[in-house]
$ cat protein01.txt   # compact mmCIF, C-alpha atoms
# COMPACT_ATOMS: atom_id res chain seq x y z
CA MET Q 548 -8.12 72.80 122.13
CA MET Q 549 -5.25 70.48 121.40
CA ASP Q 550 -7.27 67.43 122.15
CA HIS Q 551 -10.07 68.60 119.92
CA SER Q 552 -7.76 69.11 116.94
CA PHE Q 553 -6.26 65.65 117.49
CA LEU Q 554 -9.66 64.02 117.41
CA CYS Q 555 -10.55 65.81 114.18
CA VAL Q 556 -7.36 64.64 112.49
CA LEU Q 557 -7.94 61.11 113.70
CA GLY Q 558 -11.49 61.12 112.36
CA LEU Q 559 -10.41 62.42 108.96
CA PHE Q 560 -7.71 59.74 108.79
CA TRP Q 561 -10.21 57.01 109.59
CA LEU Q 562 -12.63 58.31 106.93
CA TYR Q 563 -9.85 58.44 104.35
CA THR Q 564 -8.77 54.92 105.20
CA LEU Q 565 -12.35 53.65 104.95
CA LEU Q 566 -12.89 55.28 101.58
CA CYS Q 567 -9.59 54.05 100.19
CA THR Q 568 -10.15 50.57 101.48
CA GLY Q 569 -13.59 50.43 99.91
CA HIS Q 570 -12.19 51.68 96.66
CA THR Q 571 -9.34 49.21 96.54
CA GLN Q 572 -11.22 46.13 97.80
CA GLY Q 573 -9.88 43.11 95.92
CA ALA Q 574 -11.83 41.21 93.28
CA VAL Q 575 -13.26 37.77 94.09
CA LEU Q 576 -13.13 34.77 91.75
CA THR Q 577 -15.53 31.83 92.20
CA ILE Q 578 -16.42 28.85 90.05
CA ASP Q 579 -19.71 27.12 89.32
CA PRO Q 580 -20.17 24.32 90.08
CA ASN Q 581 -17.95 24.61 93.09
CA TRP Q 582 -16.35 21.14 92.94
CA LEU Q 583 -12.85 20.25 94.00
CA THR Q 584 -12.34 17.95 91.03
CA PHE Q 585 -13.54 18.14 87.43
CA TYR Q 586 -13.29 15.50 84.74
CA THR Q 587 -12.56 15.64 81.05
CA GLY Q 588 -15.69 16.51 79.13
CA GLU Q 589 -17.29 18.55 81.91
CA SER Q 590 -17.80 22.34 81.98
CA VAL Q 591 -16.96 25.04 84.52
CA THR Q 592 -17.92 28.72 84.74
CA PHE Q 593 -15.59 31.37 86.22
CA ILE Q 594 -17.34 34.28 87.97
CA CYS Q 595 -15.27 37.42 88.49
CA ASP Q 596 -16.71 39.99 90.92
CA MET Q 597 -14.77 43.29 91.01
CA LYS Q 598 -16.73 44.47 94.11
CA GLU Q 599 -17.32 48.01 92.75
CA GLY Q 600 -19.10 49.67 89.92
CA THR Q 601 -21.23 47.74 87.49
CA ASN Q 602 -20.28 44.83 85.34
CA THR Q 603 -20.13 47.05 82.28
CA ASP Q 604 -17.59 49.37 83.94
CA TRP Q 605 -14.92 46.71 83.67
CA GLU Q 606 -13.05 44.66 81.17
CA TYR Q 607 -12.14 41.20 82.40
CA ARG Q 608 -9.44 38.72 81.70
CA ILE Q 609 -8.60 35.25 83.06
CA LEU Q 610 -5.05 34.27 83.86
CA LYS Q 611 -3.84 30.67 84.18
CA ASP Q 612 -0.63 29.95 86.05
CA GLY Q 613 0.23 33.69 85.95
CA GLN Q 614 -0.21 33.96 82.20
CA GLU Q 615 -3.07 35.47 80.31
CA SER Q 616 -5.17 32.70 78.83
CA VAL Q 617 -8.25 34.63 77.73
CA THR Q 618 -8.61 37.91 75.90
CA TYR Q 619 -10.42 40.87 77.39
CA ASN Q 620 -14.09 40.29 77.94
CA SER Q 621 -16.84 42.71 78.88
CA HIS Q 622 -18.72 40.12 80.94
CA PRO Q 623 -17.71 38.80 84.38
CA LEU Q 624 -18.70 35.21 83.53
CA TYR Q 625 -16.50 32.96 81.53
CA GLU Q 626 -17.29 29.32 80.76
CA LEU Q 627 -14.82 26.60 79.93
CA THR Q 628 -16.51 23.68 78.17
CA LEU Q 629 -15.28 20.20 77.36
CA LEU Q 630 -12.52 20.35 79.92
CA HIS Q 631 -9.24 18.65 79.11
CA ILE Q 632 -6.30 17.62 81.22
CA ARG Q 633 -4.37 20.60 79.90
CA TYR Q 634 -6.85 22.94 81.60
CA LYS Q 635 -5.59 21.84 84.97
CA GLY Q 636 -3.88 24.69 86.82
CA GLU Q 637 -4.15 27.86 88.97
CA TYR Q 638 -6.58 30.56 87.84
CA ARG Q 639 -7.30 34.19 88.79
CA CYS Q 640 -9.19 37.02 87.16
CA CYS Q 641 -8.21 40.69 86.72
CA GLY Q 642 -10.32 43.68 85.79
CA LEU Q 643 -9.53 47.01 84.09
CA LEU Q 644 -11.75 49.97 84.98
CA LYS Q 645 -12.70 51.61 81.71
CA THR Q 646 -12.91 55.17 83.10
CA SER Q 647 -9.60 55.33 84.96
CA HIS Q 648 -7.73 52.33 83.60
CA ASP Q 649 -7.21 51.20 87.19
CA SER Q 650 -6.85 47.43 87.48
CA LYS Q 651 -7.07 44.85 90.22
CA CYS Q 652 -6.91 41.05 90.39
CA SER Q 653 -8.76 38.38 92.35
CA ASN Q 654 -7.82 35.50 94.55
CA LYS Q 655 -6.41 32.30 93.03
CA ILE Q 656 -8.38 29.09 92.45
CA PHE Q 657 -6.83 25.75 91.58
CA LEU Q 658 -8.76 23.84 88.92
CA ASN Q 659 -8.17 20.08 89.17
CA VAL Q 660 -9.03 18.20 85.98
CA ARG Q 661 -8.81 14.41 85.73
CA ASP Q 662 -9.70 11.74 83.19
CA LYS Q 663 -13.28 10.52 82.98
CA PRO Q 664 -13.95 8.40 86.06
CA ARG Q 665 -15.38 4.93 86.43
CA ALA Q 666 -17.98 4.14 89.06
CA GLU Q 667 -17.37 1.40 91.60
CA VAL Q 668 -19.79 -1.02 93.25
CA THR Q 669 -19.31 -2.40 96.75
CA ALA Q 670 -21.60 -4.87 98.52
CA GLY Q 671 -22.41 -5.60 102.12
CA THR Q 672 -22.79 -9.13 103.44
CA THR Q 673 -24.37 -11.46 100.91
CA THR Q 674 -25.36 -14.12 103.47
CA ILE Q 675 -28.96 -13.38 104.40
CA SER Q 676 -32.11 -15.25 105.36
CA VAL Q 677 -34.93 -15.82 102.90
CA GLY Q 678 -36.79 -12.51 102.57
CA GLY Q 679 -33.76 -10.42 103.56
CA SER Q 680 -31.79 -7.97 101.41
CA VAL Q 681 -28.22 -7.03 100.46
CA THR Q 682 -26.96 -3.43 100.48
CA LEU Q 683 -25.06 -2.20 97.42
CA SER Q 684 -23.13 1.09 97.28
CA CYS Q 685 -21.92 3.08 94.27
CA SER Q 686 -19.25 5.78 94.29
CA VAL Q 687 -17.30 7.81 91.75
CA ASP Q 688 -13.77 8.64 92.84
CA ASN Q 689 -15.05 10.00 96.17
CA SER Q 690 -16.05 13.22 94.41
CA ALA Q 691 -19.15 15.35 95.01
CA GLY Q 692 -22.34 16.15 93.17
CA TRP Q 693 -23.20 12.69 91.87
CA LYS Q 694 -26.51 10.91 91.50
CA TYR Q 695 -26.42 7.23 90.59
CA GLN Q 696 -28.13 4.90 88.17
CA TRP Q 697 -28.33 1.15 88.80
CA PHE Q 698 -28.54 -1.72 86.32
CA ARG Q 699 -29.11 -5.47 86.72
CA ARG Q 700 -28.91 -8.50 84.45
CA THR Q 701 -28.54 -12.25 84.75
CA SER Q 702 -27.11 -14.97 82.56
CA HIS Q 703 -30.64 -15.43 81.16
CA THR Q 704 -31.94 -11.84 81.00
CA SER Q 705 -30.69 -8.65 79.33
CA GLU Q 706 -29.61 -5.61 81.35
CA TYR Q 707 -32.25 -3.19 82.55
CA ARG Q 708 -32.25 -0.07 84.73
CA LEU Q 709 -33.58 -0.45 88.27
CA LYS Q 710 -36.31 1.84 89.53
CA THR Q 711 -35.28 3.55 92.76
CA ASN Q 712 -36.98 6.04 95.05
CA ASP Q 713 -33.95 7.84 96.48
CA GLU Q 714 -32.82 10.86 94.44
CA GLN Q 715 -29.13 10.17 94.91
CA ASN Q 716 -29.36 6.35 94.94
CA ARG Q 717 -25.87 5.97 96.32
CA THR Q 718 -26.98 2.85 98.19
CA ILE Q 719 -29.76 0.41 97.34
CA SER Q 720 -31.09 -2.78 98.93
CA VAL Q 721 -31.68 -5.85 96.75
CA SER Q 722 -33.24 -9.20 97.60
CA GLN Q 723 -32.17 -10.91 94.37
CA GLY Q 724 -28.75 -11.93 93.26
CA GLY Q 725 -27.48 -11.13 89.80
CA ILE Q 726 -24.94 -9.02 87.92
CA TYR Q 727 -25.14 -5.36 88.99
CA ARG Q 728 -23.56 -2.20 87.57
CA CYS Q 729 -23.89 1.50 88.28
CA ARG Q 730 -22.79 4.85 86.90
CA GLY Q 731 -22.71 8.40 88.16
CA GLU Q 732 -24.55 11.42 86.79
CA ARG Q 733 -24.00 15.08 87.67
CA GLY Q 734 -24.23 18.56 86.21
CA ASP Q 735 -26.62 20.24 83.78
CA PRO Q 736 -26.49 19.14 81.07
CA ALA Q 737 -25.96 15.71 82.57
CA TYR Q 738 -22.45 14.31 82.60
CA TYR Q 739 -22.05 10.55 83.04
CA SER Q 740 -19.19 8.57 84.44
CA ASP Q 741 -18.10 5.33 82.86
CA MET Q 742 -20.04 2.23 83.90
CA SER Q 743 -18.72 0.38 86.90
CA ASN Q 744 -17.27 -3.08 86.57
CA ASP Q 745 -19.69 -6.03 86.89
CA ALA Q 746 -20.49 -7.01 90.43
CA SER Q 747 -21.82 -10.56 90.64
CA ILE Q 748 -23.96 -10.75 93.75
CA ASN Q 749 -24.52 -14.35 94.83
CA ILE Q 750 -26.86 -14.36 97.78
CA ILE Q 751 -26.43 -17.22 100.24
CA PHE Q 752 -29.52 -17.90 102.32
CA SER Q 753 -28.71 -18.70 105.92
CA ASN Q 754 -31.74 -20.98 106.33
CA GLN Q 755 -30.80 -24.47 107.48
CA VAL Q 756 -30.97 -27.22 104.84
CA VAL Q 757 -31.68 -30.81 105.92
CA VAL Q 758 -31.73 -34.04 103.88
CA THR Q 759 -34.25 -36.69 104.90
CA ARG Q 760 -34.73 -40.18 103.46
CA GLN Q 761 -37.68 -42.50 103.04
CA PRO Q 762 -37.89 -45.31 104.00
CA ASP Q 763 -35.65 -44.61 106.93
CA TRP Q 764 -34.53 -48.18 107.53
CA PRO Q 765 -31.35 -48.70 109.53
CA GLN Q 766 -30.00 -50.94 106.78
CA ILE Q 767 -30.46 -50.59 103.04
CA PHE Q 768 -30.04 -53.55 100.70
CA SER Q 769 -28.98 -53.55 97.09
CA GLY Q 770 -31.94 -53.33 94.72
CA GLU Q 771 -34.21 -51.35 97.04
CA LYS Q 772 -35.63 -47.92 96.20
CA ILE Q 773 -35.01 -44.89 98.39
CA THR Q 774 -36.14 -41.24 98.22
CA LEU Q 775 -33.99 -38.36 99.49
CA THR Q 776 -35.73 -35.02 100.18
CA CYS Q 777 -34.04 -31.60 100.50
CA GLU Q 778 -35.90 -29.50 103.09
CA ILE Q 779 -35.25 -25.73 103.51
CA GLN Q 780 -36.39 -24.64 106.94
CA GLY Q 781 -38.21 -21.31 106.74
CA GLY Q 782 -38.42 -21.41 102.93
CA GLU Q 783 -41.43 -23.64 102.48
CA THR Q 784 -43.37 -21.10 100.37
CA THR Q 785 -40.50 -20.46 97.94
CA GLU Q 786 -40.10 -22.44 94.73
CA TRP Q 787 -36.71 -24.13 94.66
CA MET Q 788 -34.47 -25.96 92.23
CA CYS Q 789 -31.97 -28.25 93.91
CA VAL Q 790 -28.59 -29.72 93.06
CA TRP Q 791 -27.44 -33.02 94.53
CA ARG Q 792 -23.96 -34.36 95.00
CA HIS Q 793 -22.62 -37.76 96.01
CA LEU Q 794 -19.17 -38.07 97.53
CA GLY Q 795 -18.51 -34.44 96.53
CA SER Q 796 -19.44 -34.86 92.85
CA ILE Q 797 -22.51 -33.26 91.28
CA ILE Q 798 -25.20 -35.74 90.21
CA PRO Q 799 -26.26 -34.69 86.68
CA GLN Q 800 -29.82 -34.16 85.44
CA ILE Q 801 -31.33 -33.88 88.93
CA SER Q 802 -32.97 -30.54 89.78
CA SER Q 803 -35.87 -31.36 92.11
CA LYS Q 804 -36.12 -31.35 95.89
CA GLN Q 805 -36.77 -35.11 95.83
CA PHE Q 806 -34.31 -37.65 94.48
CA THR Q 807 -35.57 -41.23 94.06
CA PHE Q 808 -33.26 -44.01 92.91
CA THR Q 809 -32.59 -47.75 93.18
CA VAL Q 810 -29.56 -48.36 95.34
CA SER Q 811 -26.62 -50.60 94.65
CA GLU Q 812 -23.34 -51.21 96.40
CA LEU Q 813 -21.94 -48.14 94.58
CA SER Q 814 -24.65 -45.96 96.15
CA SER Q 815 -22.97 -46.01 99.56
CA GLY Q 816 -21.52 -42.72 100.80
CA ASP Q 817 -22.47 -39.14 101.70
CA TYR Q 818 -25.24 -37.19 99.96
CA GLN Q 819 -25.77 -33.39 100.08
CA CYS Q 820 -28.12 -30.91 98.44
CA GLN Q 821 -28.10 -27.19 97.67
CA CYS Q 822 -31.14 -25.27 96.39
CA GLU Q 823 -31.58 -22.03 94.47
CA ARG Q 824 -34.68 -19.96 93.87
CA ARG Q 825 -36.42 -20.97 90.69
CA ASP Q 826 -36.66 -17.31 89.57
CA ASP Q 827 -33.14 -16.35 90.66
CA SER Q 828 -30.17 -18.58 89.91
CA TYR Q 829 -27.87 -16.20 91.85
CA SER Q 830 -29.63 -16.83 95.18
CA SER Q 831 -29.01 -20.20 96.80
CA THR Q 832 -28.82 -21.99 100.11
CA LYS Q 833 -25.73 -23.37 101.74
CA TRP Q 834 -24.88 -27.03 101.15
CA SER Q 835 -26.75 -29.25 103.57
CA GLU Q 836 -25.12 -31.45 106.13
CA ALA Q 837 -24.22 -34.81 104.62
CA ILE Q 838 -26.47 -37.83 105.07
CA ARG Q 839 -24.70 -41.19 104.78
CA LEU Q 840 -26.07 -44.32 103.10
CA SER Q 841 -24.63 -47.76 103.84
CA VAL Q 842 -25.84 -50.25 101.25
CA SER Q 843 -25.48 -54.01 101.82
CA ALA Q 844 -24.19 -55.94 98.81
CA VAL Q 845 -26.73 -58.76 99.29
CA SER Q 846 -30.43 -58.48 98.61
CA ARG Q 847 -32.90 -58.17 101.46
CA PRO Q 848 -34.34 -61.57 102.58
CA GLU Q 849 -37.87 -62.11 101.31
CA SER Q 850 -39.26 -62.03 104.84
CA SER Q 851 -42.00 -59.77 103.70
CA SER Q 852 -43.68 -62.67 101.72
CA PHE Q 853 -43.90 -65.00 104.72
CA PRO Q 854 -47.20 -63.58 106.05
CA VAL Q 855 -48.77 -64.00 102.62
CA LEU Q 856 -47.61 -67.60 102.34
CA LEU Q 857 -48.84 -68.30 105.87
CA MET Q 858 -52.26 -66.91 105.05
CA VAL Q 859 -52.54 -68.85 101.77
CA GLY Q 860 -51.43 -72.07 103.48
CA SER Q 861 -53.97 -71.58 106.25
CA VAL Q 862 -56.81 -71.11 103.76
CA ILE Q 863 -55.79 -74.19 101.78
CA GLY Q 864 -55.56 -76.24 104.99
CA ILE Q 865 -59.03 -75.17 106.08
CA ILE Q 866 -60.50 -76.01 102.67
CA LEU Q 867 -58.81 -79.44 102.71
CA LEU Q 868 -60.07 -80.13 106.22
CA ILE Q 869 -63.63 -79.26 105.22
CA PHE Q 870 -63.33 -81.52 102.18
CA LEU Q 871 -62.16 -84.47 104.30
CA LEU Q 872 -64.98 -83.95 106.79
CA LEU Q 873 -67.53 -83.93 104.00
CA LEU Q 874 -65.99 -87.08 102.53
CA CYS Q 875 -66.13 -88.87 105.87
CA LEU Q 876 -69.75 -87.84 106.40
CA CYS Q 877 -70.66 -89.08 102.97
CA LYS Q 878 -68.91 -92.42 103.51
CA ARG Q 879 -70.59 -92.91 106.88
CA SER Q 880 -74.04 -92.26 105.48
CA LYS Q 881 -73.48 -94.90 102.76
CA ASP Q 882 -72.32 -97.52 105.29
CA LEU Q 883 -75.45 -97.01 107.37
CA CYS Q 884 -77.53 -97.48 104.26
CA CYS Q 885 -75.84 -100.83 103.52
CA ILE Q 886 -76.28 -102.10 107.06
CA ARG Q 887 -80.00 -101.33 106.98
CA TRP Q 888 -80.34 -103.21 103.70
CA ILE Q 889 -78.60 -106.33 105.10
CA GLN Q 890 -80.79 -106.34 108.15
CA SER Q 891 -83.90 -106.15 106.04
CA GLN Q 892 -82.77 -109.11 103.88
CA SER Q 893 -81.94 -111.26 106.86
CA SER Q 894 -85.30 -110.71 108.45
CA SER Q 895 -87.14 -111.55 105.24
CA GLN Q 896 -85.20 -114.82 104.75
CA SER Q 897 -85.72 -116.04 108.28
CA SER Q 898 -89.51 -115.59 107.99
CA SER Q 899 -89.64 -117.79 104.80
CA SER Q 900 -89.96 -121.65 105.05
CA HIS Q 901 -88.94 -124.37 102.53
CA PRO Q 902 -90.37 -127.95 102.91
CA GLY Q 903 -87.88 -130.90 103.19
CA VAL Q 904 -85.02 -128.72 103.76
CA ASN Q 905 -83.30 -128.08 107.01
CA GLN Q 906 -83.70 -124.55 107.98
CA ASN Q 907 -80.12 -124.28 109.08
CA GLU Q 908 -78.83 -125.82 105.86
CA THR Q 909 -80.86 -123.66 103.64
CA ASN Q 910 -79.64 -120.42 105.26
CA GLN Q 911 -77.50 -118.30 103.05
CA TYR Q 912 -74.89 -115.79 104.25
CA SER Q 913 -74.31 -112.58 102.59
CA SER Q 914 -71.42 -110.26 103.14
CA PRO Q 915 -71.19 -106.80 101.72
CA LEU Q 916 -68.51 -106.04 99.13
CA HIS Q 917 -67.54 -102.46 98.45
CA VAL Q 918 -66.76 -101.75 94.88
CA ASP Q 919 -66.52 -98.06 93.95
CA ASP Q 920 -68.43 -97.14 97.09
CA VAL Q 921 -71.42 -99.33 95.93
CA CYS Q 922 -72.79 -101.99 98.28
CA LEU Q 923 -72.62 -105.42 96.59
CA TYR Q 924 -73.38 -108.62 98.36
CA GLU Q 925 -71.96 -112.08 97.88
CA SER Q 926 -74.24 -114.99 98.65
CA ILE Q 927 -72.60 -117.95 100.30
CA LYS Q 928 -74.39 -121.27 100.22
CA PRO Q 929 -73.45 -124.27 102.35
CA THR Q 930 -71.86 -127.22 100.56
CA GLU Q 931 -74.05 -130.26 100.07
CA ARG Q 932 -72.98 -133.46 101.81
CA LYS Q 933 -73.06 -136.74 99.97
$ encode --input "protein01.txt" --output "structure tokens"
Amino acid sequence: MMDHSFLCVLGLFWLYTLLCTGHTQGAVLTIDPNWLTFYTGESVTFICDMKEGTNTDWEYRILKDGQESVTYNSHPLYELTLLHIRYKGEYRCCGLLKTSHDSKCSNKIFLNVRDKPRAEVTAGTTTISVGGSVTLSCSVDNSAGWKYQWFRRTSHTSEYRLKTNDEQNRTISVSQGGIYRCRGERGDPAYYSDMSNDASINIIFSNQVVVTRQPDWPQIFSGEKITLTCEIQGGETTEWMCVWRHLGSIIPQISSKQFTFTVSELSSGDYQCQCERRDDSYSSTKWSEAIRLSVSAVSRPESSSFPVLLMVGSVIGIILLIFLLLLCLCKRSKDLCCIRWIQSQSSSQSSSSHPGVNQNETNQYSSPLHVDDVCLYESIKPTERK
């Protein structure tokens, strides 16, 4: 009997405790959005849940740092708009039950309010190969709830917003250099951070750059022409603009991959080139390895004209030889003609007879005389004796 009475008392005590506890359950204060940090110009909504009755059974008030900051309100939601630094502090809500005038208060929430933030851009490695990309990241004070907008411009183009697929866009990959900025956006209506500082992204292509020269003679003489060519290995399909330097100084007004010039003694020294994409002045190669020119102060000997002179001399010699042969043949034919004529005259004279005259005395001798290659003959008569 005693045990039974004890169990009844214990049960009644437990029921009383349960009912009292349910009746006196504390209120709960939450905020929306539930961020750790707010910034000036944003809005926050306090939600006070008294955990019993209906919302209309209570009158609500908000206390900041233990002091009442808001008059009684018949609604459990209270919005603070256009936050200011002075709103920073510890908040709780209390409710007054209209029927019994019982009151209870909620937990405390610390509201951290800071000045409007500025976004910040950070970049990964900017040394990539042609066709690669650079990763850019945007953040706002390491706080939550942000989506990001990205902007790009160059020294020749105005700023424009980049189209991105990711909803948050905290990180993006870019294959072009340029001047990048970002800003954060959060909340509804949208709240924007200040623009980040400019981030100049200069992409350095890791492709090897080589300078070649043509003609590739071991020795260059003053007055000769030479062509230097800047070759980007692996970037043959890309359009490039190149800068040249001699002995560390930029050569002005040269922007092509080929550099042709007439050398002098002052042209000796190291030459290097660096190229950038024609459509992106912020993306360039490394400087090439230097190629050295050694220019002789004297002009190259005209050895190259010797074969021509030899050929011309040979032709002239052959023509002269042919001319002499023809002349000799002509002269020989004329001499044979003269000899035949003399023989014919001698035979005709010897067959003739003259009475009273000694045949031997009447013979005449003729000898040919050559005047202007014409056969003339001189008749020689014997002298008469007395």
$ closest_residue --input "protein01.txt" --among "Q:Ile632, Q:Cys595, Q:Ala691, Q:Ala670" --to "Lys655 of chain Q" --atoms "all atoms listed in the file"
Q:Cys595
$ atom_distance --input "protein01.txt" --atom1 "atom CA of Glu626 of chain Q" --atom2 "atom CA of Ser740 of chain Q"
21.2 Å
$ closest_residue --input "protein01.txt" --among "Q:Thr704, Q:Asn744, Q:Gln819, Q:Ser653" --to "Val756 of chain Q" --atoms "only C-alpha atoms"
Q:Gln819
$ residues_around --input "protein01.txt" --residues "Thr711 of chain Q" --least-positions-apart "2" --cutoff "12 Å" --atoms "all atoms listed in the file" --output "PDB file with C-alpha atoms, in the coordinates of the input"
ATOM      1  CA  LYS Q 694     -26.510  10.910  91.500  1.00  0.00           C
ATOM      2  CA  TYR Q 695     -26.420   7.230  90.590  1.00  0.00           C
ATOM      3  CA  GLN Q 696     -28.130   4.900  88.170  1.00  0.00           C
ATOM      4  CA  TRP Q 697     -28.330   1.150  88.800  1.00  0.00           C
ATOM      5  CA  PHE Q 698     -28.540  -1.720  86.320  1.00  0.00           C
ATOM      6  CA  ARG Q 708     -32.250  -0.070  84.730  1.00  0.00           C
ATOM      7  CA  LEU Q 709     -33.580  -0.450  88.270  1.00  0.00           C
ATOM      8  CA  ASP Q 713     -33.950   7.840  96.480  1.00  0.00           C
ATOM      9  CA  GLU Q 714     -32.820  10.860  94.440  1.00  0.00           C
ATOM     10  CA  GLN Q 715     -29.130  10.170  94.910  1.00  0.00           C
ATOM     11  CA  ASN Q 716     -29.360   6.350  94.940  1.00  0.00           C
ATOM     12  CA  ARG Q 717     -25.870   5.970  96.320  1.00  0.00           C
ATOM     13  CA  THR Q 718     -26.980   2.850  98.190  1.00  0.00           C
ATOM     14  CA  ILE Q 719     -29.760   0.410  97.340  1.00  0.00           C
ATOM     15  CA  SER Q 720     -31.090  -2.780  98.930  1.00  0.00           C
ATOM     16  CA  VAL Q 721     -31.680  -5.850  96.750  1.00  0.00           C
TER      17      VAL Q 721
END
$ residues_around --input "protein01.txt" --residues "Leu775 of chain Q" --least-positions-apart "5" --cutoff "6 Å" --atoms "only C-alpha atoms" --output "PyMOL selection string"
chain Q and resi 759-760+805-806
